[in-house]
Each structure stands twice: as structure tokens, then as C-alpha cells.
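Presented below is the structure to which this report refers.
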Amino acid sequence: MIDMKGVHKTYSNGVTALNGVDVHIDSGEFVYLVGPSGAGKSTFVKMIFRGEKPSTGIVKVDNKDLSTYKERQIPKVRRKIGVVYQDFKLLPKLTIYENVAFALEVIEETPKVIRDRVMEVLDLVGIKDKARSFPDELSGGEQQRVAIARAIANNPKVVIADEPTGNLDPETSWGIMKVLEDVNNKGTTIIMATHSKEIVNTIKKRVIAIENGRIVRDEAGGDYGYEI
Ligand code: ADP
Ligand code: ADP
């Protein structure tokens, strides 16, 4: 599903965030991305949804080399990928229903498809009864469920979660992990950057550790491996 070959990324300020990354992630995998702050985890995930371009090297998503897409085709790349952020990034003036519907309106789904699909994904993440609420009326955990619903609304092949439990208390975090596992069990590939030792050491998955822009460890069912 995802292939990187010789990927380097140097930002315009001269900082090298990725320094020779080779990786293959199969369809349906659940991968944790760990490593110290500044190691390159965010840059790694940005390579996948084309938030940034590699300076050199090849990034393929679903067997398509992303460099073959023109700028105006980038929305096509993004359709294959749902992104979940630490701070949820919901639109505050829209209801929960509208937040999820918006993701489908921009890809020009029909009103009927939108109606059915929004309620389906809100149900899947366990938050259907909040459809008419606004984001600030929900707890952090509930808002993250909405963000996951929005990310999966258009049936992406890959969901990228950048520290999805970073702003949540431990108990709420387990609920979010359950939702991500449900999404993964339906076949969606998940890549999750995290600093949660508890989660990584309890819910065992493939662990890719990045330090100084390089993959230093890649283990099925691995440990978190850092003290914090
Ligand atoms: P992590 O997600 O592991 O904290 P990042 O990928 O955010 O790591 O950052 C890796 C390095 O690249 C850091 O030194 C960071 O300051 C730098 N960096 C990240 N984004 C940018 C950017 N847009 N411009 C310049 N430097 C950046
Ligand atoms: P995180 O550590 O949560 O991954 P950061 O705080 O490193 O996030 O980065 C937040 C945003 O700022 C990202 O979009 C990143 O690309 C950008 N950024 C990070 N470091 C720099 C930098 N040194 N110069 C410019 N932009 C940066």
C-alpha cells in the first residue's frame, strides 16, 4: 500500500527531516510510528498524503508514484487517505453531522450518499446521537471520534493518525484505539504516530522507530522502546 525508496527531505531552512527512508507497508497493516520529538515522524506521514514533497526518493501509495501527480491532481491522492490529528481540527461553526458531510461534499458525492454515509460512520465510531451537536459541546474523546468518522467517510485505503490520543486522558485513549482497531479490521491500513508507551506496549502492532530522519527499528509486535 505504501512504498518509500531512498526518501530524503530537507526543508527550505536547511533542516534534514528524513535522511534515507526505505519502507514497505502492506494493505491492511496497523503500524505505530515512534521516536523522539523532531525525529521526522510528521514529515514521514506528510510524504504519504503529499503534505510535503520528498527532496529525493520515491513515495508510492497504492502502487502509484506520487511524483507522477500534478499539483492539481493532489486531491486525488488525498481521497485515498484520511488524516486524524492530535487536536481534532473540526470546524467549530458546523455541527457534527455537517463536519462529516463536508468531507463528502468536497468530493461531490450525491446528497443521498452523503446522508447515508454520514450516519453510517457516526454510528461506527459510536457517536450518532451527537449528530446535531457542535464540536465545543463534545468531550475531547467524542471530538476525536468525529474526526475519525470524517477521516473514514470516503472509504480511504489508508488512515494516518498523528498522535490521535495526545490530548486525551488514558481511559478515553483506549476507546479511541478501539475505534481505530475497528477501522483497521475493516481492511483500512493505519499508520499512527504516537508517544504513548502504554498503548504501544499493550495493543501490539508493527512498530517503526524513527531517529534523526532514519528508520532505526522495524519490528512486528514491537515495544515502544523509549522511557517517555
Ligand atoms: P516529529 O514529528 O518526529 O516531531 P518532524 O517531522 O515534525 O518530527 O520534524 C523533523 C525535523 O524537521 C525537526 O527538526 C523539525 O523542526 C523540522 N521541520 C519539520 N517541519 C518543518 C518545516 N515545515 N520547515 C522546516 N523544518 C521543519
Ligand atoms: P509535531 O511535533 O506535533 O509533529 P510540530 O510542532 O513539529 O508538530 O510542527 C507543527 C507544524 O509546524 C508542522 O506543520 C511542521 O511541519 C511545522 N514545523 C515544525 N518545525 C518547523 C520549523 N523548524 N520551521 C517551520 N515549520 C516547522
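Ordering of the C-alpha cells sets the chain letters (A, B, ...), residue numbers begin anew at 1 in every chain, and ligands are numbered from 1 in the order given.
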
Using only C-alpha atoms and all ligand atoms, find each protein or nucleic acid residue lying at most 9 Å from ligand 1; present the set as a ChimeraX atom specification.
/A:9-18,33-46,52,162,193,210-213

Within 8 Å of Val21 (chain A), counting only C-alpha atoms, which residues qualify if same-chain residues fewer than 3 places away don't, as a count of residues only?
9

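Between CA of Leu66 (chain A) and atom 10 (C, counted along the ligand's line) of ligand 2 the interatomic distance comes to 22.8 Å.
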
Neighbouring residues of Lys64 (chain A) were defined as those with any atom within 12 Å, considering only C-alpha atoms; residues of the same chain fewer than 6 positions away were excluded. Please report them as a list of chain:residue names.
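So the residues in contact are A:Met1, A:Ile2, A:Asp3, A:Met4, A:Ile48, A:Ile58, A:Lys76, A:Val77, A:Lys80.
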
A:Asn19, A:Thr95, A:Thr165, A:Ser139: which is nearest ligand 2, counting only C-alpha atoms and all ligand atoms?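 Closest candidate: A:Thr165.
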
### Query
Near Lys128 (chain A), counting only C-alpha atoms, which residues have an atom at most 10 Å away, once you skip same-chain residues fewer than 4 positions from it, shown as an MDAnalysis selection string?
chainID A and resid 96:97 118:124 132 146

How about saving the chosen residues, N, CA and C atoms kept, as a short mmCIF file (atom, residue, chain, number, x, y, z; two decimals), in the first residue's frame?
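Saved result, result_9.cif, follows:
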data_model
loop_
_atom_site.label_atom_id
_atom_site.label_comp_id
_atom_site.auth_asym_id
_atom_site.auth_seq_id
_atom_site.Cartn_x
_atom_site.Cartn_y
_atom_site.Cartn_z
N ILE A 96 -21.75 18.34 14.14
CA ILE A 96 -21.02 17.09 13.94
C ILE A 96 -21.39 16.48 12.58
N TYR A 97 -22.70 16.46 12.32
CA TYR A 97 -23.17 15.93 11.04
C TYR A 97 -22.52 16.69 9.88
N VAL A 118 -22.86 9.56 6.20
CA VAL A 118 -22.55 10.31 7.43
C VAL A 118 -23.10 9.56 8.64
N MET A 119 -24.34 9.13 8.57
CA MET A 119 -24.93 8.45 9.72
C MET A 119 -24.25 7.10 9.94
N GLU A 120 -23.86 6.44 8.85
CA GLU A 120 -23.18 5.16 8.96
C GLU A 120 -21.85 5.30 9.73
N VAL A 121 -21.05 6.31 9.35
CA VAL A 121 -19.74 6.43 10.02
C VAL A 121 -19.88 6.98 11.44
N LEU A 122 -20.88 7.84 11.67
CA LEU A 122 -21.09 8.33 13.04
C LEU A 122 -21.50 7.16 13.93
N ASP A 123 -22.29 6.25 13.39
CA ASP A 123 -22.69 5.06 14.12
C ASP A 123 -21.47 4.18 14.41
N LEU A 124 -20.65 4.01 13.40
CA LEU A 124 -19.45 3.16 13.52
C LEU A 124 -18.53 3.63 14.66
N ARG A 132 -26.38 16.39 15.91
CA ARG A 132 -26.82 17.78 15.86
C ARG A 132 -26.03 18.71 16.77
N VAL A 146 -15.40 11.92 16.15
CA VAL A 146 -15.95 12.62 14.98
C VAL A 146 -14.84 12.78 13.92
#
